[in-house]
$ cat final00.cif   # mmCIF, C-alpha atoms
data_upload
loop_
_atom_site.label_atom_id
_atom_site.label_comp_id
_atom_site.auth_asym_id
_atom_site.auth_seq_id
_atom_site.Cartn_x
_atom_site.Cartn_y
_atom_site.Cartn_z
CA MET X 211 -36.07 37.28 12.31
CA THR X 212 -38.78 39.25 13.98
CA SER X 213 -42.46 38.42 13.68
CA THR X 214 -42.68 41.06 10.93
CA GLY X 215 -40.10 39.20 8.78
CA HIS X 216 -37.12 41.52 9.33
CA LEU X 217 -33.73 40.23 10.42
CA THR X 218 -32.51 41.54 13.72
CA HIS X 219 -28.91 42.55 13.96
CA THR X 220 -28.10 40.10 16.77
CA GLY X 221 -29.93 37.23 15.08
CA PHE X 222 -27.97 37.70 11.87
CA LEU X 223 -24.59 37.97 13.62
CA GLY X 224 -25.39 35.02 15.87
CA GLY X 225 -26.19 32.95 12.77
CA LEU X 226 -22.90 33.96 11.17
CA ALA X 227 -20.99 33.00 14.32
CA LEU X 228 -22.71 29.61 14.35
CA LEU X 229 -21.96 29.10 10.65
CA ALA X 230 -18.29 30.08 11.13
CA ALA X 231 -17.91 27.68 14.07
CA SER X 232 -19.30 24.80 12.07
CA ALA X 233 -17.01 25.59 9.10
CA THR X 234 -13.81 25.20 11.15
CA PRO X 235 -11.57 22.66 9.38
CA ALA X 236 -11.19 19.27 11.03
CA SER X 237 -7.79 18.28 12.27
CA ALA X 238 -5.69 16.20 9.87
CA GLN X 239 -5.83 12.44 10.22
CA PRO X 240 -2.48 10.87 11.12
CA ARG X 241 -3.35 7.60 9.27
CA TRP X 242 -2.88 6.97 5.58
CA VAL X 243 -5.99 6.94 3.53
CA ALA X 244 -7.79 3.61 3.82
CA GLY X 245 -7.57 1.49 0.70
CA THR X 246 -5.44 -0.97 -1.21
CA TYR X 247 -1.80 -0.43 -2.19
CA ILE X 248 -0.23 -2.97 -4.61
CA TYR X 249 3.53 -3.39 -5.03
CA ALA X 250 4.80 -5.95 -7.56
CA ASP X 251 7.58 -7.17 -9.82
CA LEU X 252 5.66 -10.08 -11.34
CA CYS X 253 6.92 -11.21 -14.75
CA THR X 254 7.09 -14.31 -16.93
CA MET X 255 10.22 -16.22 -17.83
CA PRO X 256 10.90 -15.83 -21.58
CA GLU X 257 12.07 -19.46 -21.94
CA ASP X 258 8.97 -21.24 -20.69
CA GLY X 259 6.41 -18.60 -19.67
CA ALA X 260 6.66 -19.58 -15.99
CA PRO X 261 5.62 -16.85 -13.54
CA ALA X 262 8.34 -15.18 -11.44
CA GLY X 263 8.56 -12.32 -8.97
CA ARG X 264 6.14 -11.40 -6.21
CA ARG X 265 3.24 -9.13 -5.37
CA ILE X 266 2.56 -7.58 -1.97
CA THR X 267 -0.90 -6.08 -1.52
CA LEU X 268 -1.28 -3.82 1.51
CA LYS X 269 -4.89 -3.34 2.63
CA ARG X 270 -5.52 -0.42 5.00
CA TRP X 271 -8.82 -0.19 6.87
CA PRO X 272 -9.83 2.03 9.79
CA GLY X 273 -9.83 -0.89 12.27
CA SER X 274 -6.92 -2.99 10.99
CA ASP X 275 -4.33 -3.53 8.31
CA ASN X 276 -3.52 -6.74 6.48
CA LEU X 277 -1.37 -7.92 3.64
CA VAL X 278 -1.50 -10.50 0.85
CA TYR X 279 1.85 -12.00 -0.18
CA GLU X 280 1.96 -13.92 -3.45
CA GLY X 281 4.35 -15.17 -6.09
CA ALA X 282 7.90 -16.24 -5.23
CA GLY X 283 7.00 -19.86 -6.00
CA LEU X 284 4.08 -20.02 -3.55
CA PRO X 285 1.21 -22.31 -4.59
CA ALA X 286 -1.37 -19.77 -3.32
CA PRO X 287 -1.43 -16.23 -1.88
CA ILE X 288 -0.93 -15.87 1.88
CA GLU X 289 -2.89 -13.27 3.84
CA THR X 290 -1.59 -12.01 7.19
CA ALA X 291 -1.75 -9.11 9.62
CA VAL X 292 0.80 -6.37 9.03
CA SER X 293 2.39 -3.70 11.19
CA VAL X 294 2.32 -0.22 9.64
CA ASP X 295 3.62 2.94 11.29
CA ASP X 296 1.46 5.84 10.11
CA GLY X 297 4.14 8.47 10.72
CA THR X 298 7.15 6.80 9.12
CA LYS X 299 5.25 4.45 6.74
CA ALA X 300 7.40 1.60 8.07
CA VAL X 301 5.97 -1.83 7.19
CA ALA X 302 6.80 -5.16 8.83
CA PHE X 303 5.30 -8.60 8.33
CA GLN X 304 6.06 -12.32 8.54
CA VAL X 305 4.42 -15.18 6.64
CA GLU X 306 4.86 -18.92 6.95
CA THR X 307 5.62 -20.69 3.66
CA SER X 308 6.37 -24.33 2.87
CA ALA X 309 10.06 -23.31 2.67
CA GLY X 310 9.95 -21.65 6.10
CA PRO X 311 9.22 -18.17 7.45
CA VAL X 312 9.58 -15.09 5.24
CA SER X 313 9.74 -11.67 6.89
CA PHE X 314 10.01 -8.12 5.60
CA ARG X 315 10.94 -4.78 7.14
CA GLY X 316 10.93 -1.61 5.10
CA THR X 317 8.97 1.42 3.98
CA ALA X 318 5.87 1.74 1.81
CA GLY X 319 5.94 4.85 -0.32
CA PRO X 320 3.82 6.30 -3.09
CA ASP X 321 6.11 4.76 -5.74
CA ALA X 322 7.65 1.64 -4.18
CA LEU X 323 7.91 -0.76 -1.26
CA VAL X 324 11.57 -0.84 -0.24
CA GLY X 325 13.28 -2.85 2.47
CA THR X 326 14.88 -6.16 3.44
CA LEU X 327 13.33 -9.58 2.84
CA ASN X 328 14.50 -12.42 5.11
CA SER X 329 13.91 -16.05 4.16
CA ALA X 330 15.64 -19.43 4.28
CA ASP X 331 17.94 -18.04 1.56
CA GLY X 332 19.10 -15.24 3.89
CA ALA X 333 18.53 -11.48 3.89
CA ARG X 334 18.38 -9.51 0.67
CA PRO X 335 17.15 -6.10 -0.44
CA LEU X 336 13.69 -5.90 -2.00
CA ARG X 337 12.23 -3.08 -4.07
CA LEU X 338 8.76 -3.50 -5.56
CA LYS X 339 7.25 -0.78 -7.73
CA ARG X 340 3.75 0.36 -6.87
CA VAL X 341 1.28 -0.66 -9.55
CA LEU X 342 -2.05 1.07 -9.92
CA ARG X 343 -3.90 -1.76 -11.64
CA ALA X 344 -3.37 -5.30 -12.77
CA GLY X 345 -2.07 -5.60 -16.30
CA THR X 346 -0.31 -8.07 -18.49
CA GLN X 347 2.91 -9.39 -17.05
CA GLN X 348 6.05 -8.50 -18.92
CA ALA X 349 8.91 -10.84 -19.69
CA CYS X 350 11.45 -11.03 -16.88
CA PRO X 351 14.65 -9.11 -17.53
CA GLY X 352 17.54 -11.47 -17.98
CA GLU X 353 20.58 -12.38 -19.95
CA THR X 354 20.09 -12.58 -23.72
CA THR X 355 21.84 -15.46 -25.43
CA GLY X 356 23.06 -15.68 -29.00
CA SER X 357 23.75 -11.98 -29.48
CA ILE X 358 27.06 -10.56 -30.58
CA ASN X 359 28.19 -7.39 -28.86
#
$ encode --input "final00.cif" --output "structure tokens"
Amino acid sequence: MTSTGHLTHTGFLGGLALLAASATPASAQPRWVAGTYIYADLCTMPEDGAPAGRRITLKRWPGSDNLVYEGAGLPAPIETAVSVDDGTKAVAFQVETSAGPVSFRGTAGPDALVGTLNSADGARPLRLKRVLRAGTQQACPGETTGSIN
């Protein structure tokens, strides 16, 4: 603006150029969004109401990632560091339990955590659905007795 209150042509265009430069979109972040991702198959046994299954909670923060492993007969949840590849969403972790080490390698997706779980019982596939919030546990699927097919 001039001292008389009128915009000068160069002042106006210079302001637009400055505004346009500051409105340039930031480059995309290669990391997942920070937050908590819960994958679980927790259920209760219909016979006695005993808990079964497991829950894996993946916590992503800008400086580090960690994981809480619970269920599967553990007396208490175990928290540990976790390796997460931002590009492939590959997840790997190992926890020490009273029955020995348990390790997992797989992929965390928007719908499920899928991979291989290794424990004293050997290697087996694991697929845990992503849950958005804690809710009541359902009865474990299993064989029904006493029915006639």
$ resolve_selection --input "final00.cif" --expression "the PyMOL selection byres ((chain X and resi 308-324) around 9)" --output "JSON, numbers by chain"
{"X": [247, 249, 250, 266, 284, 294, 298, 299, 300, 301, 302, 303, 304, 305, 306, 307, 325, 326, 327, 328, 329, 330, 335, 336, 337, 338, 339, 340, 341]}
$ write_last_selection --input "final00.cif" --atoms "C-alpha atoms" --output "mmCIF file, in the coordinates of the input"
data_model
loop_
_atom_site.group_PDB
_atom_site.id
_atom_site.type_symbol
_atom_site.label_atom_id
_atom_site.label_comp_id
_atom_site.auth_asym_id
_atom_site.auth_seq_id
_atom_site.Cartn_x
_atom_site.Cartn_y
_atom_site.Cartn_z
ATOM 1 C CA TYR X 247 -1.800 -0.430 -2.190
ATOM 2 C CA TYR X 249 3.530 -3.390 -5.030
ATOM 3 C CA ALA X 250 4.800 -5.950 -7.560
ATOM 4 C CA ILE X 266 2.560 -7.580 -1.970
ATOM 5 C CA LEU X 284 4.080 -20.020 -3.550
ATOM 6 C CA VAL X 294 2.320 -0.220 9.640
ATOM 7 C CA THR X 298 7.150 6.800 9.120
ATOM 8 C CA LYS X 299 5.250 4.450 6.740
ATOM 9 C CA ALA X 300 7.400 1.600 8.070
ATOM 10 C CA VAL X 301 5.970 -1.830 7.190
ATOM 11 C CA ALA X 302 6.800 -5.160 8.830
ATOM 12 C CA PHE X 303 5.300 -8.600 8.330
ATOM 13 C CA GLN X 304 6.060 -12.320 8.540
ATOM 14 C CA VAL X 305 4.420 -15.180 6.640
ATOM 15 C CA GLU X 306 4.860 -18.920 6.950
ATOM 16 C CA THR X 307 5.620 -20.690 3.660
ATOM 17 C CA GLY X 325 13.280 -2.850 2.470
ATOM 18 C CA THR X 326 14.880 -6.160 3.440
ATOM 19 C CA LEU X 327 13.330 -9.580 2.840
ATOM 20 C CA ASN X 328 14.500 -12.420 5.110
ATOM 21 C CA SER X 329 13.910 -16.050 4.160
ATOM 22 C CA ALA X 330 15.640 -19.430 4.280
ATOM 23 C CA PRO X 335 17.150 -6.100 -0.440
ATOM 24 C CA LEU X 336 13.690 -5.900 -2.000
ATOM 25 C CA ARG X 337 12.230 -3.080 -4.070
ATOM 26 C CA LEU X 338 8.760 -3.500 -5.560
ATOM 27 C CA LYS X 339 7.250 -0.780 -7.730
ATOM 28 C CA ARG X 340 3.750 0.360 -6.870
ATOM 29 C CA VAL X 341 1.280 -0.660 -9.550
#
$ resolve_selection --input "final00.cif" --expression "the PyMOL selection byres ((chain X and resi 246) around 8)" --output "PyMOL selection string"
chain X and resi 244-245+247-248+267-270
$ residues_near_point --input "final00.cif" --point "(-7.2, 3.6, 9.5)" --cutoff "6 Å" --atoms "only C-alpha atoms" --output "VMD selection string"
chain X and resid 241 244 271 to 273
$ closest_residue --input "final00.cif" --among "X:Val243, X:Leu342, X:Gln348, X:Ala260" --to "Gly283 in chain X" --atoms "all atoms listed in the file"
X:Ala260
$ resolve_selection --input "final00.cif" --expression "the PyMOL selection byres ((chain X and resi 278) around 7)" --output "PyMOL selection string"
chain X and resi 266-268+277+279-280+287-290
$ atom_distance --input "final00.cif" --atom1 "CA of Gln347 in chain X" --atom2 "CA of Arg334 in chain X"
23.5 Å
